[in-house]
$ cat target-v3.cif   # mmCIF, C-alpha atoms
data_my_file
#
loop_
_atom_site.label_atom_id
_atom_site.label_comp_id
_atom_site.auth_asym_id
_atom_site.auth_seq_id
_atom_site.Cartn_x
_atom_site.Cartn_y
_atom_site.Cartn_z
CA MET A 1 -6.89 -44.20 73.14
CA SER A 2 -4.70 -41.38 72.09
CA GLY A 3 -5.54 -39.09 74.98
CA ASP A 4 -5.94 -36.09 72.65
CA SER A 5 -8.77 -33.76 73.50
CA PRO A 6 -11.14 -33.17 70.63
CA ARG A 7 -10.15 -30.10 68.63
CA PRO A 8 -12.75 -27.51 67.95
CA GLU A 9 -13.79 -27.49 64.35
CA SER A 10 -12.97 -24.38 62.50
CA GLY A 11 -15.79 -22.89 60.54
CA ARG A 12 -19.13 -21.34 61.02
CA GLY A 13 -20.65 -24.27 62.91
CA SER A 14 -18.15 -24.16 65.78
CA GLU A 15 -17.86 -21.66 68.63
CA PRO A 16 -14.35 -20.27 69.16
CA SER A 17 -12.75 -20.31 72.60
CA THR A 18 -11.93 -17.10 74.43
CA GLY A 19 -8.12 -17.34 74.08
CA HIS A 20 -5.86 -15.77 71.46
CA ALA A 21 -6.94 -18.32 68.86
CA GLY A 22 -10.55 -17.59 69.76
CA ARG A 23 -10.10 -13.90 69.20
CA LEU A 24 -8.51 -14.57 65.83
CA GLU A 25 -11.41 -16.80 64.94
CA ILE A 26 -13.89 -14.09 65.92
CA GLY A 27 -11.95 -11.60 63.78
CA ARG A 28 -11.92 -14.00 60.84
CA ARG A 29 -15.64 -14.60 61.11
CA ALA A 30 -16.32 -10.87 61.45
CA LEU A 31 -14.97 -10.28 57.92
CA THR A 32 -17.99 -12.02 56.43
CA SER A 33 -20.42 -11.94 59.33
CA PRO A 34 -24.09 -11.21 58.51
CA ALA A 35 -23.79 -8.11 60.70
CA THR A 36 -20.78 -6.95 58.65
CA VAL A 37 -22.59 -7.48 55.36
CA ALA A 38 -25.75 -5.77 56.63
CA THR A 39 -23.82 -2.76 57.98
CA THR A 40 -21.83 -2.41 54.76
CA ILE A 41 -25.03 -2.41 52.74
CA LEU A 42 -26.69 0.06 55.10
CA LEU A 43 -23.76 2.50 54.89
CA ILE A 44 -23.20 2.32 51.15
CA VAL A 45 -26.42 1.57 49.27
CA PRO A 46 -28.71 4.41 50.49
CA PHE A 47 -25.89 6.91 50.02
CA ALA A 48 -25.04 5.56 46.55
CA LEU A 49 -28.70 5.96 45.52
CA GLY A 50 -28.63 9.62 46.60
CA TRP A 51 -25.32 10.11 44.82
CA LEU A 52 -26.91 8.88 41.60
CA ARG A 53 -30.00 11.06 42.02
CA THR A 54 -30.48 13.65 44.76
CA ALA A 55 -34.20 12.87 45.07
CA LEU A 56 -33.26 9.35 46.22
CA PHE A 57 -31.49 10.59 49.35
CA SER A 58 -33.30 9.41 52.48
CA PRO A 59 -32.57 9.38 56.22
CA LEU A 60 -30.98 5.97 55.67
CA ALA A 61 -28.26 7.72 53.67
CA LEU A 62 -27.28 9.95 56.60
CA PRO A 63 -24.46 7.71 57.98
CA GLY A 64 -22.88 7.29 54.53
CA TYR A 65 -23.42 10.99 53.79
CA VAL A 66 -21.62 12.01 56.99
CA ILE A 67 -18.71 9.60 56.39
CA TYR A 68 -18.27 10.64 52.74
CA SER A 69 -18.65 14.38 53.41
CA ILE A 70 -16.20 14.43 56.31
CA GLY A 71 -13.80 12.31 54.26
CA THR A 72 -13.90 14.83 51.42
CA ALA A 73 -13.46 17.73 53.85
CA ILE A 74 -10.34 16.13 55.36
CA GLY A 75 -9.00 15.06 51.99
CA ASN A 76 -9.68 18.45 50.46
CA ALA A 77 -7.84 20.17 53.30
CA ILE A 78 -4.81 17.91 52.78
CA GLU A 79 -4.81 17.80 48.99
CA PRO A 80 -7.22 20.29 47.33
CA ARG A 81 -6.55 19.24 43.72
CA PHE A 82 -8.36 15.89 43.92
CA GLU A 83 -11.86 15.76 42.50
CA PHE A 84 -14.51 14.53 44.91
CA TRP A 85 -15.30 11.26 43.10
CA VAL A 86 -11.80 10.07 44.06
CA TYR A 87 -13.00 9.83 47.67
CA TRP A 88 -15.25 6.89 46.82
CA VAL A 89 -12.26 4.56 47.26
CA PRO A 90 -11.46 5.54 50.87
CA PHE A 91 -15.19 5.83 51.54
CA LEU A 92 -15.79 2.19 50.60
CA GLY A 93 -12.78 1.14 52.70
CA ALA A 94 -13.98 3.16 55.68
CA CYS A 95 -17.49 1.73 55.42
CA TYR A 96 -16.17 -1.82 55.34
CA GLY A 97 -13.86 -1.07 58.28
CA ILE A 98 -16.77 0.24 60.34
CA ALA A 99 -18.87 -2.74 59.27
CA VAL A 100 -16.16 -5.18 60.36
CA SER A 101 -16.08 -3.49 63.79
CA VAL A 102 -19.83 -4.01 64.07
CA GLY A 103 -19.44 -7.58 62.85
CA THR A 104 -16.73 -8.25 65.42
CA ALA A 105 -18.96 -6.98 68.20
CA TYR A 106 -21.81 -9.13 66.89
CA GLU A 107 -19.64 -12.26 66.72
CA TRP A 108 -18.22 -11.60 70.19
CA VAL A 109 -21.72 -11.32 71.64
CA ARG A 110 -22.70 -14.52 69.85
CA VAL A 111 -19.75 -16.39 71.34
CA ARG A 112 -20.48 -15.05 74.80
CA ARG A 113 -24.09 -16.12 74.51
CA ALA A 114 -23.11 -19.56 73.26
CA ALA A 115 -20.64 -19.95 76.13
CA GLY A 116 -23.37 -18.92 78.58
CA ASP A 117 -25.76 -21.46 77.10
CA ASN A 118 -23.17 -24.24 77.37
CA THR A 119 -22.51 -23.56 81.06
CA GLY A 120 -26.22 -23.56 81.89
CA SER A 121 -26.18 -27.32 82.85
CA ASP A 122 -29.33 -27.16 84.97
CA ARG A 123 -31.29 -27.14 81.79
CA SER A 124 -32.20 -30.32 80.01
CA PRO A 125 -30.42 -30.80 76.69
CA GLY A 126 -32.39 -29.65 73.70
CA GLU A 127 -34.57 -27.27 75.67
CA SER A 128 -34.79 -24.22 73.52
CA SER A 129 -35.75 -20.72 74.51
CA GLU A 130 -38.83 -21.02 72.32
CA SER A 131 -40.03 -24.14 74.17
CA ARG A 132 -39.48 -22.41 77.50
CA GLN A 133 -41.53 -19.48 76.31
CA LEU A 134 -44.31 -21.85 75.37
CA ASP A 135 -44.26 -23.27 78.90
CA ASN A 136 -44.78 -19.84 80.43
CA MET B 1 -37.16 -15.71 66.04
CA ARG B 2 -34.82 -14.90 63.16
CA ARG B 3 -37.77 -14.32 60.91
CA ARG B 4 -39.20 -11.94 63.50
CA SER B 5 -35.88 -10.06 63.74
CA ALA B 6 -35.63 -9.81 59.97
CA LEU B 7 -39.20 -8.52 59.79
CA ALA B 8 -38.47 -5.93 62.49
CA ALA B 9 -35.33 -4.80 60.65
CA VAL B 10 -37.12 -4.48 57.31
CA THR B 11 -40.02 -2.62 58.95
CA THR B 12 -37.61 -0.22 60.67
CA LEU B 13 -35.71 0.47 57.44
CA ALA B 14 -38.89 0.94 55.43
CA GLY B 15 -40.33 3.20 58.13
CA THR B 16 -37.18 5.31 58.18
CA ALA B 17 -37.21 5.66 54.40
CA ILE B 18 -40.91 6.58 54.36
CA ALA B 19 -40.40 9.06 57.21
CA GLY B 20 -37.63 10.66 55.17
CA VAL B 21 -39.78 10.97 52.08
CA VAL B 22 -42.63 12.43 54.14
CA SER B 23 -40.37 14.89 55.97
CA ARG B 24 -38.60 16.04 52.80
CA PRO B 25 -39.08 19.78 52.23
CA GLY B 26 -41.59 20.50 49.51
CA GLY B 27 -39.53 23.09 47.64
CA ASN B 28 -42.06 25.90 48.11
CA ASP B 29 -44.21 25.27 45.04
CA PRO B 30 -46.64 28.09 46.02
CA LEU B 31 -43.85 30.67 45.80
CA LEU B 32 -42.72 29.40 42.39
CA ALA B 33 -46.33 29.24 41.22
CA ALA B 34 -46.81 32.87 42.33
CA ALA B 35 -43.72 33.81 40.32
CA ARG B 36 -44.89 31.96 37.20
CA GLU B 37 -48.57 32.79 37.32
CA GLY B 38 -48.52 36.41 38.35
CA ARG B 39 -50.20 39.02 36.22
CA ASP B 40 -51.38 38.53 32.66
CA ASP B 41 -50.56 42.05 31.54
CA ILE B 42 -46.78 41.77 31.65
CA VAL B 43 -44.94 43.54 28.85
CA THR B 44 -41.95 41.54 27.65
CA GLU B 45 -39.21 43.06 25.52
CA THR B 46 -35.94 41.59 24.36
CA THR B 47 -32.74 43.44 23.58
CA ARG B 48 -29.50 42.23 22.06
CA LEU B 49 -26.45 43.13 24.09
CA LEU B 50 -23.16 43.54 22.21
CA PRO B 51 -24.89 42.97 18.85
CA ASP B 52 -22.88 41.67 15.91
CA THR B 53 -20.04 40.48 18.12
CA VAL B 54 -19.11 37.01 19.37
CA HIS B 55 -20.53 38.08 22.75
CA GLU B 56 -24.00 38.92 21.43
CA THR B 57 -26.54 37.79 23.98
CA THR B 58 -30.21 38.40 24.75
CA LEU B 59 -31.55 40.52 27.57
CA TYR B 60 -35.19 40.05 28.58
CA GLU B 61 -37.15 42.85 30.21
CA LEU B 62 -40.44 41.98 31.89
CA THR B 63 -42.40 44.98 33.07
CA ALA B 64 -45.42 44.76 35.38
CA PRO B 65 -48.06 47.54 35.30
CA GLU B 66 -47.62 48.23 39.03
CA PRO B 67 -44.61 50.32 40.06
CA GLY B 68 -41.91 48.46 41.92
CA PRO B 69 -38.23 47.62 42.04
CA THR B 70 -36.00 46.91 39.07
CA VAL B 71 -34.39 43.52 39.62
CA ILE B 72 -31.64 42.19 37.31
CA VAL B 73 -30.88 38.46 37.26
CA PHE B 74 -27.76 37.09 35.61
CA GLY B 75 -27.11 33.50 34.57
CA GLY B 76 -24.15 32.17 32.64
CA VAL B 77 -21.52 34.59 33.91
CA HIS B 78 -19.60 31.31 34.15
CA GLY B 79 -20.47 29.24 31.10
CA ASP B 80 -20.23 25.80 32.73
CA GLU B 81 -22.66 26.58 35.55
CA ARG B 82 -25.75 25.29 33.79
CA ASN B 83 -28.09 25.58 36.78
CA GLY B 84 -27.99 29.38 36.66
CA ILE B 85 -28.43 29.44 32.89
CA GLU B 86 -31.45 27.13 32.99
CA ALA B 87 -33.01 28.89 35.97
CA ALA B 88 -32.53 32.30 34.33
CA HIS B 89 -34.15 31.04 31.11
CA ASP B 90 -37.13 29.91 33.22
CA VAL B 91 -37.27 33.31 34.90
CA THR B 92 -37.73 34.99 31.48
CA GLU B 93 -41.22 33.43 31.49
CA TRP B 94 -42.15 34.57 34.99
CA ALA B 95 -44.71 37.26 35.66
CA PRO B 96 -43.69 39.74 38.36
CA ASP B 97 -46.48 41.54 40.20
CA ALA B 98 -44.66 44.85 40.37
CA GLY B 99 -41.68 46.62 38.90
CA ARG B 100 -39.30 45.44 36.25
CA LEU B 101 -37.55 42.09 36.01
CA VAL B 102 -34.51 42.11 33.73
CA VAL B 103 -32.85 38.78 32.91
CA VAL B 104 -29.65 37.91 31.06
CA PRO B 105 -29.56 34.09 30.97
CA GLU B 106 -26.33 33.65 28.97
CA THR B 107 -24.14 36.51 30.09
CA ASP B 108 -20.86 35.12 28.72
CA ARG B 109 -22.25 33.49 25.62
CA VAL B 110 -18.92 32.19 24.31
CA ALA B 111 -18.26 30.45 27.64
CA VAL B 112 -21.80 29.06 27.65
CA GLU B 113 -21.45 27.65 24.13
CA ASN B 114 -18.08 26.11 25.00
CA ASP B 115 -19.41 24.86 28.35
CA GLU B 116 -16.41 26.43 30.06
CA ARG B 117 -16.03 28.71 33.04
CA GLY B 118 -14.42 31.56 31.13
CA GLY B 119 -14.87 32.95 27.63
CA VAL B 120 -12.68 34.93 25.24
CA ASP B 121 -11.07 37.03 27.94
CA GLY B 122 -11.13 34.50 30.77
CA ASP B 123 -13.27 34.66 33.89
CA LEU B 124 -15.87 37.39 33.28
CA ASN B 125 -16.61 37.70 36.98
CA ARG B 126 -13.17 39.16 37.62
CA HIS B 127 -13.61 42.00 35.12
CA PHE B 128 -15.68 44.40 37.24
CA PRO B 129 -13.32 46.33 39.53
CA ALA B 130 -15.22 48.82 41.66
CA ASN B 131 -14.85 52.48 40.71
CA GLN B 132 -12.88 51.59 37.57
CA ASP B 133 -13.84 50.71 34.01
CA PRO B 134 -14.62 47.06 33.39
CA THR B 135 -11.57 45.31 31.99
CA SER B 136 -12.96 43.53 28.91
CA ASP B 137 -15.30 44.30 25.98
CA LEU B 138 -17.89 41.86 27.28
CA ALA B 139 -17.74 43.29 30.80
CA ARG B 140 -18.14 46.83 29.43
CA GLY B 141 -21.17 45.80 27.38
CA ILE B 142 -22.78 44.10 30.37
CA TRP B 143 -22.02 47.00 32.68
CA ASN B 144 -23.48 49.52 30.22
CA ALA B 145 -26.74 47.59 30.36
CA VAL B 146 -26.66 47.47 34.15
CA GLU B 147 -26.08 51.21 34.38
CA ARG B 148 -28.90 51.84 31.89
CA TYR B 149 -31.42 50.00 34.07
CA ASP B 150 -30.01 51.38 37.35
CA PRO B 151 -31.31 48.33 39.26
CA ASP B 152 -32.50 48.29 42.85
CA VAL B 153 -31.53 44.63 43.15
CA VAL B 154 -28.92 42.49 41.35
CA LEU B 155 -28.80 38.69 41.56
CA ASP B 156 -26.02 36.60 39.99
CA LEU B 157 -26.60 32.83 39.83
CA HIS B 158 -23.66 30.44 40.24
CA ARG B 159 -22.64 27.00 41.43
CA SER B 160 -19.54 25.75 43.18
CA LEU B 161 -17.99 22.28 43.35
CA GLY B 162 -17.84 22.11 47.15
CA ILE B 163 -19.44 23.68 50.22
CA TYR B 164 -18.40 26.97 51.79
CA GLY B 165 -16.57 26.55 55.09
CA PHE B 166 -16.43 22.79 54.60
CA HIS B 167 -14.30 22.36 51.50
CA GLN B 168 -11.34 24.67 51.05
CA GLU B 169 -11.62 27.24 48.26
CA TYR B 170 -15.22 26.34 47.48
CA VAL B 171 -18.20 28.54 48.16
CA GLY B 172 -21.27 26.38 47.54
CA GLN B 173 -24.58 26.64 49.46
CA THR B 174 -23.97 30.28 50.26
CA LEU B 175 -25.76 33.51 49.52
CA PHE B 176 -23.22 36.32 49.35
CA HIS B 177 -24.80 39.71 49.68
CA SER B 178 -24.29 43.42 50.15
CA THR B 179 -24.73 45.01 53.56
CA ASP B 180 -28.33 46.14 53.02
CA ALA B 181 -29.60 42.78 51.74
CA HIS B 182 -31.81 40.12 53.32
CA GLY B 183 -29.11 37.49 52.98
CA ARG B 184 -29.52 35.60 56.21
CA ALA B 185 -33.30 35.43 56.08
CA ILE B 186 -33.28 34.24 52.47
CA ALA B 187 -30.57 31.65 53.19
CA ASN B 188 -32.66 30.30 56.07
CA ALA B 189 -35.75 30.22 53.87
CA LEU B 190 -33.84 28.33 51.16
CA THR B 191 -32.71 25.77 53.73
CA ALA B 192 -36.29 25.34 54.90
CA ASP B 193 -37.56 24.99 51.33
CA ALA B 194 -34.91 22.89 49.69
CA VAL B 195 -32.57 21.09 52.11
CA PRO B 196 -33.79 17.95 53.92
CA TRP B 197 -32.68 17.52 57.52
CA TYR B 198 -30.64 14.46 56.60
CA LEU B 199 -28.29 16.54 54.40
CA PRO B 200 -27.04 18.81 57.21
CA PHE B 201 -23.85 19.99 55.51
CA HIS B 202 -25.93 21.37 52.63
CA ARG B 203 -27.75 23.96 54.73
CA PHE B 204 -27.48 27.41 53.20
CA THR B 205 -25.43 30.10 54.86
CA SER B 206 -25.22 33.80 54.14
CA GLN B 207 -22.08 35.83 53.91
CA GLU B 208 -21.80 39.58 53.69
CA SER B 209 -19.35 40.49 50.97
CA THR B 210 -17.00 43.43 50.70
CA ALA B 211 -18.00 45.84 47.98
CA GLY B 212 -14.47 46.43 46.76
CA GLY B 213 -13.92 43.21 44.80
CA PRO B 214 -13.90 42.68 41.04
CA LEU B 215 -17.20 40.77 40.90
CA LEU B 216 -20.27 42.02 39.04
CA PHE B 217 -22.52 42.03 42.11
CA GLN B 218 -19.87 43.84 44.14
CA LYS B 219 -19.54 46.57 41.51
CA ALA B 220 -23.30 47.01 41.40
CA ALA B 221 -23.38 47.43 45.19
CA ALA B 222 -20.43 49.80 45.24
CA GLU B 223 -21.29 52.07 42.32
CA LEU B 224 -25.06 51.87 41.88
CA ASP B 225 -25.99 51.36 45.52
CA ALA B 226 -27.95 48.30 44.44
CA THR B 227 -28.85 45.57 46.90
CA SER B 228 -26.76 42.76 45.50
CA TYR B 229 -26.68 38.98 45.84
CA LEU B 230 -24.46 36.24 44.49
CA PHE B 231 -26.07 32.85 44.87
CA GLU B 232 -23.91 29.71 44.96
CA THR B 233 -25.37 26.22 44.98
CA THR B 234 -23.06 23.19 44.91
CA ALA B 235 -22.42 20.25 42.61
CA PHE B 236 -21.26 18.26 45.65
CA LEU B 237 -23.83 15.43 45.91
CA LEU B 238 -26.51 17.50 44.17
CA ASP B 239 -27.66 16.73 40.64
CA HIS B 240 -28.45 19.28 37.95
CA ALA B 241 -32.20 19.27 38.60
CA THR B 242 -31.70 20.02 42.30
CA MET B 243 -29.18 22.80 41.66
CA THR B 244 -31.50 24.39 39.11
CA GLU B 245 -34.48 24.19 41.47
CA GLN B 246 -32.44 25.83 44.24
CA SER B 247 -31.46 28.61 41.82
CA ARG B 248 -35.13 29.18 40.89
CA LEU B 249 -36.07 29.33 44.56
CA ALA B 250 -33.26 31.79 45.32
CA THR B 251 -34.50 34.03 42.51
CA ALA B 252 -38.11 33.84 43.67
CA HIS B 253 -37.15 34.62 47.27
CA VAL B 254 -35.06 37.62 46.24
CA LEU B 255 -37.87 38.86 44.02
CA ALA B 256 -40.46 38.46 46.78
CA ALA B 257 -38.25 39.99 49.48
CA HIS B 258 -37.85 43.16 47.41
CA GLY B 259 -41.46 43.59 46.34
CA GLY B 260 -41.41 42.11 42.85
CA LEU B 261 -43.89 39.43 43.89
CA GLU B 262 -47.01 39.81 45.99
CA TYR B 263 -46.28 36.73 48.04
CA ASP B 264 -45.73 36.70 51.79
CA THR B 265 -42.46 34.94 52.52
CA GLY B 266 -42.03 36.91 55.75
CA ILE B 267 -38.81 38.44 54.42
CA GLY B 268 -38.17 42.06 53.51
CA VAL B 269 -41.03 43.86 51.78
CA ALA B 270 -42.98 40.60 51.61
CA GLY B 271 -42.91 40.47 55.40
CA ALA B 272 -43.55 44.14 56.00
CA PRO B 273 -46.24 45.14 58.49
CA GLU B 274 -48.79 47.93 57.83
CA SER B 275 -46.16 50.64 58.16
CA GLY B 276 -44.90 49.64 54.73
CA GLN B 277 -41.30 49.89 55.82
CA GLU B 278 -38.92 47.07 55.07
CA SER B 279 -38.42 44.74 57.98
CA GLU B 280 -36.00 41.87 58.07
CA THR B 281 -37.54 38.74 59.47
CA GLU B 282 -34.83 36.38 60.59
CA PRO B 283 -36.14 32.89 61.22
CA ASP B 284 -34.43 31.20 64.13
CA GLY B 285 -31.66 29.08 62.70
CA GLY B 286 -32.43 26.67 59.92
CA THR B 287 -36.12 26.02 59.91
CA ASN B 288 -36.32 22.78 58.00
CA ALA B 289 -36.83 20.62 61.06
#
$ encode --input "target-v3.cif" --output "structure tokens"
Amino acid sequence: MSGDSPRPESGRGSEPSTGHAGRLEIGRRALTSPATVATTILLIVPFALGWLRTALFSPLALPGYVIYSIGTAIGNAIEPRFEFWVYWVPFLGACYGIAVSVGTAYEWVRVRRAAGDNTGSDRSPGESSESRQLDN
Amino acid sequence: MRRRSALAAVTTLAGTAIAGVVSRPGGNDPLLAAAREGRDDIVTETTRLLPDTVHETTLYELTAPEPGPTVIVFGGVHGDERNGIEAAHDVTEWAPDAGRLVVVPETDRVAVENDERGGVDGDLNRHFPANQDPTSDLARGIWNAVERYDPDVVLDLHRSLGIYGFHQEYVGQTLFHSTDAHGRAIANALTADAVPWYLPFHRFTSQESTAGGPLLFQKAAAELDATSYLFETTAFLLDHATMTEQSRLATAHVLAAHGGLEYDTGIGVAGAPESGQESETEPDGGTNA
């Protein structure tokens, strides 16, 4: 018996602890989290459709529209000679940055929920929320 | 549970998109239809301005049997602003209910053919100093025609690359106008007709312009006492079809507001009560909500 405590597996199947390493793990997961991907798509795709053809603008494009427009306003105030298409590069970066923030929050909530589930020892193992709902 | 969440997300997104399509402004087709399908007994004449020169361009004169204002519409003062050129060409086939509608779709023909802002002598819209002679042959030829018609209303159609007050040095989504014009009311009507609520930075604004500048519409206001407008749409996030449609709508609203169309837009003559006097109806804020 080595006496070593079992190390948490890294990867999507494990739940990170709440220490420094745990925060890093949450950050790493947030880069490709489903919430990050979904937010990126939501910010970019509807706006890109409207950019291609004005008739394709919809309310879903509003967040991307606001980010891109304000970005061009700031950029144009700093350096007026750039054409507006140049601002697609910072726009994509900004959208991904916002999406990672959302993904981080999502992963943090997931970890908190998982930790809460693990400490709930008065529940029999394997009892899922769905099965409890069925009992009610 | 995940399937239920995914279904809820898809339903929400689809609902939002459908709500957007449903709430999109219609573009005021009745007003444009009134402009296109007015009277049958319109007399159309064409004149060549600056004939036998590189600047030779066509002027269209559409005269309705009922007396009314003389309205001049210019497109192509800047040759690369295709929305104004296309809209002005469309306007040559309109049928005003009263007065005379004069249209010059390709004002700086050399610039139009080269698809450039300026022509032989540079930017035409800087060649009209108030109370002085125009500073180029083309400008003199255009101004002679304007003086000959002595218009009540002048409208010059343009487009900018950015948005006025939002992007430095750009003037898009603005209706510049002389002091006696219905600029604010028409700008609000254009927002209601053509700008969806989810493009808030594209709402039209109006801006009163000093009459002392070197622009064609400023000279017309200063020397001929014409009610003058300079319409600017924007290429920022708007495609050619949208810019052209906005230019058509601006022309139709100006025409209706000054009595060229018998269509009640609630602005100017079109919104006049029984007294027959011009009254400016100013909708509260942007009315596209």
$ closest_residue --input "target-v3.cif" --among "B:Glu81, B:Glu208, B:Asp225, B:Glu169" --to "chain A" --atoms "all atoms listed in the file"
B:Glu169
$ resolve_selection --input "target-v3.cif" --expression "the PyMOL selection byres ((chain A) within 6 of (chain B))" --output "number ranges by chain"
A: 51, 54, 58-59, 62, 73
$ residues_around --input "target-v3.cif" --residues "Gly84 of chain B" --least-positions-apart "5" --cutoff "10 Å" --atoms "all atoms listed in the file" --output "number ranges by chain"
B: 73-79, 89-90, 105-106, 156-159, 231-233, 243-248, 251
$ residues_around --input "target-v3.cif" --residues "Pro90 of chain A" --least-positions-apart "4" --cutoff "12 Å" --atoms "only C-alpha atoms" --output "number ranges by chain"
A: 67-72, 74-75, 84-86, 94-97
$ residues_around --input "target-v3.cif" --residues "Val146 of chain B" --least-positions-apart "5" --cutoff "10 Å" --atoms "all atoms listed in the file" --output "VMD selection string"
chain B and resid 72 102 140 to 141 151 154 216 220 224
$ resolve_selection --input "target-v3.cif" --expression "the PyMOL selection byres ((chain B and resi 187) around 6)" --output "list in words"
Arg184, Ala185, Ile186, Asn188, Ala189, Leu190, Phe204, Thr205 and Ser206 of chain B
$ write_last_selection --input "target-v3.cif" --atoms "C-alpha atoms" --output "PDB file, keeping the file's coordinate frame"
ATOM      1  CA  ARG B 184     -29.520  35.600  56.210  1.00  0.00           C
ATOM      2  CA  ALA B 185     -33.300  35.430  56.080  1.00  0.00           C
ATOM      3  CA  ILE B 186     -33.280  34.240  52.470  1.00  0.00           C
ATOM      4  CA  ASN B 188     -32.660  30.300  56.070  1.00  0.00           C
ATOM      5  CA  ALA B 189     -35.750  30.220  53.870  1.00  0.00           C
ATOM      6  CA  LEU B 190     -33.840  28.330  51.160  1.00  0.00           C
ATOM      7  CA  PHE B 204     -27.480  27.410  53.200  1.00  0.00           C
ATOM      8  CA  THR B 205     -25.430  30.100  54.860  1.00  0.00           C
ATOM      9  CA  SER B 206     -25.220  33.800  54.140  1.00  0.00           C
TER      10      SER B 206
END
$ atom_distance --input "target-v3.cif" --atom1 "atom CA of Asp137 of chain B" --atom2 "atom CA of Ala181 of chain B"
29.5 Å
$ residues_around --input "target-v3.cif" --residues "segment 51-65 of chain B" --least-positions-apart "4" --cutoff "7 Å" --atoms "all atoms listed in the file" --output "JSON, numbers by chain"
{"B": [41, 42, 43, 44, 45, 46, 47, 92, 96, 97, 98, 99, 100, 101, 102, 103, 104, 106, 107, 108, 109, 110, 138]}
$ atom_distance --input "target-v3.cif" --atom1 "atom CA of Ile26 of chain A" --atom2 "atom CA of Arg112 of chain A"
11.1 Å
$ atom_distance --input "target-v3.cif" --atom1 "atom CA of Tyr87 of chain A" --atom2 "atom CA of Thr36 of chain A"
21.5 Å
$ build_atoms --input "target-v3.cif" --residues "segment 116-131 of chain B" --atoms "N, CA and C atoms" --output "PDB file, keeping the file's coordinate frame"
ATOM      1  N   GLU B 116     -17.606  26.181  29.257  1.00  0.00           N
ATOM      2  CA  GLU B 116     -16.410  26.430  30.060  1.00  0.00           C
ATOM      3  C   GLU B 116     -16.657  27.595  31.007  1.00  0.00           C
ATOM      4  N   ARG B 117     -15.862  27.640  32.051  1.00  0.00           N
ATOM      5  CA  ARG B 117     -16.030  28.710  33.040  1.00  0.00           C
ATOM      6  C   ARG B 117     -15.826  30.090  32.414  1.00  0.00           C
ATOM      7  N   GLY B 118     -14.747  30.256  31.695  1.00  0.00           N
ATOM      8  CA  GLY B 118     -14.420  31.560  31.130  1.00  0.00           C
ATOM      9  C   GLY B 118     -14.577  31.575  29.622  1.00  0.00           C
ATOM     10  N   GLY B 119     -14.714  32.793  29.070  1.00  0.00           N
ATOM     11  CA  GLY B 119     -14.870  32.950  27.630  1.00  0.00           C
ATOM     12  C   GLY B 119     -13.613  33.490  26.994  1.00  0.00           C
ATOM     13  N   VAL B 120     -13.798  34.412  26.034  1.00  0.00           N
ATOM     14  CA  VAL B 120     -12.680  34.930  25.240  1.00  0.00           C
ATOM     15  C   VAL B 120     -11.608  35.555  26.115  1.00  0.00           C
ATOM     16  N   ASP B 121     -12.035  36.314  27.099  1.00  0.00           N
ATOM     17  CA  ASP B 121     -11.070  37.030  27.940  1.00  0.00           C
ATOM     18  C   ASP B 121     -10.934  36.419  29.335  1.00  0.00           C
ATOM     19  N   GLY B 122     -11.266  35.161  29.462  1.00  0.00           N
ATOM     20  CA  GLY B 122     -11.130  34.500  30.770  1.00  0.00           C
ATOM     21  C   GLY B 122     -12.375  34.650  31.613  1.00  0.00           C
ATOM     22  N   ASP B 123     -12.169  34.656  32.922  1.00  0.00           N
ATOM     23  CA  ASP B 123     -13.270  34.660  33.890  1.00  0.00           C
ATOM     24  C   ASP B 123     -13.947  36.031  33.921  1.00  0.00           C
ATOM     25  N   LEU B 124     -15.152  36.116  33.346  1.00  0.00           N
ATOM     26  CA  LEU B 124     -15.870  37.390  33.280  1.00  0.00           C
ATOM     27  C   LEU B 124     -16.082  38.005  34.659  1.00  0.00           C
ATOM     28  N   ASN B 125     -16.278  37.161  35.657  1.00  0.00           N
ATOM     29  CA  ASN B 125     -16.610  37.700  36.980  1.00  0.00           C
ATOM     30  C   ASN B 125     -15.394  38.224  37.747  1.00  0.00           C
ATOM     31  N   ARG B 126     -14.312  38.458  37.034  1.00  0.00           N
ATOM     32  CA  ARG B 126     -13.170  39.160  37.620  1.00  0.00           C
ATOM     33  C   ARG B 126     -12.881  40.446  36.837  1.00  0.00           C
ATOM     34  N   HIS B 127     -13.844  40.860  36.001  1.00  0.00           N
ATOM     35  CA  HIS B 127     -13.610  42.000  35.120  1.00  0.00           C
ATOM     36  C   HIS B 127     -14.390  43.252  35.544  1.00  0.00           C
ATOM     37  N   PHE B 128     -14.840  43.279  36.800  1.00  0.00           N
ATOM     38  CA  PHE B 128     -15.680  44.400  37.240  1.00  0.00           C
ATOM     39  C   PHE B 128     -15.091  45.091  38.476  1.00  0.00           C
ATOM     40  N   PRO B 129     -13.890  45.641  38.365  1.00  0.00           N
ATOM     41  CA  PRO B 129     -13.320  46.330  39.530  1.00  0.00           C
ATOM     42  C   PRO B 129     -14.175  47.543  39.907  1.00  0.00           C
ATOM     43  N   ALA B 130     -14.388  47.703  41.200  1.00  0.00           N
ATOM     44  CA  ALA B 130     -15.220  48.820  41.660  1.00  0.00           C
ATOM     45  C   ALA B 130     -14.519  50.143  41.375  1.00  0.00           C
ATOM     46  N   ASN B 131     -15.323  51.114  40.967  1.00  0.00           N
ATOM     47  CA  ASN B 131     -14.850  52.480  40.710  1.00  0.00           C
ATOM     48  C   ASN B 131     -13.770  52.548  39.625  1.00  0.00           C
TER      49      ASN B 131
END
